[in-house]
Amino acid sequence: MHQYILQRLLIAIPTVFGVTVLIFLAMRVIPGDPLQTIYTESTGAYILSEEELAEVRASLGLDKPLWQQYLSWMGQVFRGEMGYSFWTKDPISQMILRRGPISAQIAFFAVVLSWLFGVPIGLLSAWFRNSWADQVSRAGITLFLAVPSFWLGLLIILFTVLVLTWRPPLTIIQFWEDPGGNFAIVALPSITLGLGLGAATARMARSAALEALFDDYVRTARAKGLGNSLIIWRHVFKNAMLPVITSTGLALGGLLGGTVSVEKAFPVPGLGSLMVQGMQERDWMMIQNLVLVYGLIYVFVNLLVDLSYGMLDPRIRYS
Amino acid sequence: MPRLNRRRFLQLAGAGAGLAVLAACAEAAPDAPAVVDEPTPVPMSEADVAASADDPGLMRPPGTPKRGGHLKTAFGVTMASFDAHQGGGTHVLSHMYNNLVRNNLVDGLRTVAPDLARSVDVSDDGKTYTFNLRSVVKYHNGADFTSTDVLATFNRIMDPPQGMISPLKAEFSFVEDLTAPDAGTAVFHLSAPRSYFLNVLTATNAYIYSEASLQENDFDLRDTIAPGTGAFKFVEHQPAERWLLERNPDYWDAELPYIDQLELLHVPAWSDRGTAVLTGQADMSWNVAFETWQEGSNRDDIDNKLLPNFGAYWLFMNNASGPLADARVRKAIHLGVSKQNLKAAFGTQEVINITRWVPQGDPYATSPADLASMPGYREDIAEAKRLLAEAGYGDGVPELEILAASGPQAELLAPAVQDMLNRDLGIPTKIRIIERASLGTEQQQGTYQLMVHTRGHGVSDISPRGNLWWRTGGSQNFGGYSEPRFDALLDQIDDETDVPTRQGQINEAQDVLDDNPPEYLIGYTYHLPMWNSKVKGIELHDRIFAEWGRMETVWIDS
């Protein structure tokens, strides 16, 4: 097991390296100069002379060759600093540490919700296949798969603002500071994301459960006279969970992307909002580091998913 | 040199800023120019009265202000610099600092009010301004404010050290010398009279730093929140999240501020700012999305207002070559493209304020009533076609390119311009969409023919704008515009101090710009502030133009 984990971690190194190189180059290739976003007409200084531009570039380290800029960034990452925002000059690592828990909570609650709704609906839909309940749940699944999360978020925020005259708090409230206030921030984005992910989970659970229901071991269990609940719990559920876990793990990557749009819709002061702001401000350093963080999370989650197979399915052994 | 008392000072200053009322925008304009008189008495403790008796403040809001409370605003509060003289976000920072003079919060920004300057003496020739400074002002770190701080501040602005970009430098190009005869006096010597000099000093980024702060930080405050003299003191800053400021108990005007804390929430999206006010998450916002602003109009507990702003949308024209080098073609576009249509096309994004070259809110702006009958402000397609034919383009103009930033400008404004140019004037165009951040580069390099873009200036007066944008060789005259008649008039406008004479000169200059347009003015914009009705004291409903930032007279009617 340890050797397997080590192998996976070693394999992850070129993956993460590739991510850093790609995002570093992409930031410098796509149109948009951070200096012209920093020095805008609103600051009264959007027309800079060549000398002024050169000075500002030097102050941000953008006057150095690309390879030096890249190595400088990597050095900062390995020291755990991640550099400073081009725009605000604040340490990026601190901003990520402050906002990360909010985004992580949203993703976590969204996954929990998706399982709470998706797995039972999927299993029951498979058990009562072709019944009216199955038809209704499949229609609901299709609906929530089709609706983009940011649009659903906008509908929810419209409802809460116009009908309830309420909206989530605008500043970060950490769970350990005020659990109620924290919940008010993460609840609606989690529900919004959880509904879409729950629909995908339900669909996956239904098809996996349908497959399991016709397998020999279920037929044997029925022949032995086991009750329906035992058959579902002991045999169908466990076997149907493997593809669900896989899809959930993969979806977490998408969920991170989804968090950006949902955080923007509500708005939530999480990493997603920071990413959008970084893009608007052409804050290359901010975007680079956030993409790196997303990449690391993605690699880590996939490793966890793979390892969970071994725990759920005794036939799978890592050696 | 006649000495001016405070009342006289205000009256003179008001002649510049106060004339705004005469020409202020139609629905925003209330009655006549108001000059602030004696402060309205408000409840004060004996200690406060004693403290302020020597050097009283001026701005006293109407009503009976209540003390205490925590006010939240929703706005974009990130910034790339904490140095107001280097592009810092003054809508946040200005709460902590003072100017020499400033726009008066309690009369809708109609007059210029003393700030750190208690009074000002103006020489007979209008070239020497002597500012008599307050003697009771302290910085938040306890240091005394003196004239050396004024010198250090403006010397840095006018003669920035190596590596500093000073956007304000051009505004003070006519200041020859600055001296401090004693600790309580600062004297500006101008090369020529400038009637708008005090207006330039009211800019929210023209506030005073202490000489000590500048020296300690090697004259670069971009990464430092230097101690100010303002009504609010810095408490906390969470990047891209919020600023928390608290009442300065030692503020030189002991009556102010009324509230205990000011929290500036970072809410970048306009619609979110609006919903924040509608739901009570914030008490006010300087600018919200139109649909939320409209929703606020339906609520008894919410107030709002359309305020003229000094930033505009333009269709820039490159005068250097091609058909647009011909003044008749530019004028044809000026006459043939309907501003009303563009306003309607962009209505879902921002409310366009159709004005002449001088924006509403400026004392010399053309009134909407007069504007309605002027050519160019109602399309005149027949005359436009005649001009095109006269310029040799009767059979059509070669295809032109419209450059526009991705987003609403490219999706709404550029196609609307394209449609009218093609349909009404027979000018075919193609639209090239680029990142907004790249427009400035294209503009400076002159690699455009037509460009939809924004441009604004903190001061509404035509002198600083005209010298930057339209004077031959102006530092931001990227289109290469040159009109000797305008240059000559601008020379006169720069120096003229008599208001009626200057009004005539400015009208004439605008006639020249209409006759030979350097570019097409789509329109200035309105800002859409919205606030809870319990927010009092800054008279937002009475303002004649938009100004973000300082609000020490605000109080909460809770």
# chains A, B, ... in the order shown; residues from 1 in each chain; ligands from 1
call {"tool": "select_by_dssp", "arguments": {"residues": "segment 418-552 of chain B", "states": "alpha helix (DSSP H)", "output": "ChimeraX atom specification"}}
result
/B:418-425,436-445,462-469,484-495,499-515
call {"tool": "residues_around", "arguments": {"residues": "Ile172 of chain A", "least_positions_apart": "5", "cutoff": "12 Å", "atoms": "only C-alpha atoms", "output": "PyMOL selection string"}}
result
(chain A and resi 95+97-103+177-179+181-186+267-271+273) or (chain B and resi 238-242+265-266)
call {"tool": "write_last_selection", "arguments": {"atoms": "N, CA and C atoms", "output": "compact mmCIF listing (two decimals), in the first residue's frame"}}
result
# COMPACT_ATOMS: atom_id res chain seq x y z
N MET A 95 -4.22 34.67 1.68
CA MET A 95 -5.56 34.82 1.10
C MET A 95 -6.18 33.45 0.84
N LEU A 97 -5.41 30.64 2.41
CA LEU A 97 -5.72 30.01 3.70
C LEU A 97 -6.99 30.58 4.31
N ARG A 98 -7.23 31.87 4.10
CA ARG A 98 -8.43 32.47 4.69
C ARG A 98 -9.69 32.06 3.93
N ARG A 99 -9.59 31.98 2.62
CA ARG A 99 -10.77 31.70 1.82
C ARG A 99 -10.97 30.21 1.54
N GLY A 100 -9.88 29.47 1.61
CA GLY A 100 -9.97 28.05 1.29
C GLY A 100 -11.02 27.29 2.09
N PRO A 101 -11.09 27.51 3.41
CA PRO A 101 -12.08 26.75 4.19
C PRO A 101 -13.52 26.96 3.71
N ILE A 102 -13.83 28.16 3.25
CA ILE A 102 -15.20 28.42 2.78
C ILE A 102 -15.49 27.59 1.53
N SER A 103 -14.55 27.63 0.58
CA SER A 103 -14.76 26.84 -0.65
C SER A 103 -14.77 25.35 -0.34
N GLU A 177 -15.68 30.80 14.20
CA GLU A 177 -16.01 32.13 14.72
C GLU A 177 -17.49 32.24 15.03
N ASP A 178 -18.30 31.78 14.09
CA ASP A 178 -19.75 31.88 14.23
C ASP A 178 -20.39 30.82 13.34
N PRO A 179 -20.68 29.64 13.90
CA PRO A 179 -21.20 28.55 13.06
C PRO A 179 -22.46 28.94 12.29
N GLY A 181 -23.45 31.99 11.29
CA GLY A 181 -23.12 32.90 10.20
C GLY A 181 -22.40 32.18 9.08
N ASN A 182 -21.53 31.28 9.47
CA ASN A 182 -20.80 30.48 8.49
C ASN A 182 -21.76 29.64 7.65
N PHE A 183 -22.73 29.03 8.34
CA PHE A 183 -23.70 28.20 7.62
C PHE A 183 -24.52 29.04 6.64
N ALA A 184 -24.83 30.28 7.06
CA ALA A 184 -25.60 31.16 6.17
C ALA A 184 -24.84 31.45 4.88
N ILE A 185 -23.51 31.46 4.96
CA ILE A 185 -22.70 31.71 3.76
C ILE A 185 -22.67 30.50 2.84
N VAL A 186 -22.46 29.33 3.44
CA VAL A 186 -22.18 28.15 2.59
C VAL A 186 -23.44 27.36 2.23
N PRO A 267 -22.76 36.35 -3.91
CA PRO A 267 -21.39 35.91 -4.10
C PRO A 267 -20.82 35.44 -2.77
N VAL A 268 -19.93 34.49 -2.87
CA VAL A 268 -19.30 33.94 -1.68
C VAL A 268 -17.81 34.31 -1.71
N PRO A 269 -17.29 34.79 -0.62
CA PRO A 269 -15.87 35.17 -0.61
C PRO A 269 -14.95 33.97 -0.47
N GLY A 270 -14.97 33.09 -1.45
CA GLY A 270 -14.13 31.90 -1.43
C GLY A 270 -13.05 31.96 -2.49
N LEU A 271 -12.46 30.81 -2.75
CA LEU A 271 -11.38 30.76 -3.74
C LEU A 271 -11.90 31.05 -5.14
N SER A 273 -14.32 33.10 -6.05
CA SER A 273 -14.43 34.55 -6.24
C SER A 273 -13.05 35.16 -6.45
N GLN B 238 -9.09 43.36 5.27
CA GLN B 238 -9.02 41.99 4.75
C GLN B 238 -9.07 42.11 3.24
N PRO B 239 -7.99 41.75 2.55
CA PRO B 239 -7.93 41.96 1.10
C PRO B 239 -9.12 41.35 0.38
N ALA B 240 -9.65 42.12 -0.55
CA ALA B 240 -10.78 41.69 -1.37
C ALA B 240 -11.96 41.24 -0.52
N GLU B 241 -12.09 41.80 0.66
CA GLU B 241 -13.19 41.41 1.54
C GLU B 241 -13.81 42.62 2.24
N ARG B 242 -13.01 43.35 2.99
CA ARG B 242 -13.58 44.51 3.67
C ARG B 242 -12.49 45.39 4.28
N LEU B 265 -17.49 47.06 2.58
CA LEU B 265 -17.51 45.67 2.12
C LEU B 265 -17.12 45.61 0.65
N HIS B 266 -16.34 44.62 0.30
CA HIS B 266 -15.94 44.45 -1.10
C HIS B 266 -17.03 43.69 -1.84
call {"tool": "residues_around", "arguments": {"residues": "Gln277 of chain A", "least_positions_apart": "5", "cutoff": "12 Å", "atoms": "only C-alpha atoms", "output": "number ranges by chain"}}
result
A: 37, 85-88, 260-261, 263-264, 267, 269-272, 282-284, 286-287, 290; B: 76-79, 239-241, 266-269
call {"tool": "closest_residue", "arguments": {"among": "B:Gly407, B:Gly446, B:Pro323, B:Gly280", "to": "chain A", "atoms": "only C-alpha atoms"}}
result
B:Gly280
call {"tool": "residues_around", "arguments": {"residues": "Ala240 of chain A", "least_positions_apart": "3", "cutoff": "9 Å", "atoms": "only C-alpha atoms", "output": "count of residues only"}}
result
15
call {"tool": "residues_around", "arguments": {"residues": "Arg356 of chain B", "least_positions_apart": "5", "cutoff": "10 Å", "atoms": "only C-alpha atoms", "output": "PyMOL selection string"}}
result
chain B and resi 365-368+371+374+376-377+507+510-511+513-514+521-524
call {"tool": "atom_distance", "arguments": {"atom1": "atom CA of Trp270 of chain B", "atom2": "atom CA of Val351 of chain B"}}
result
13.1 Å
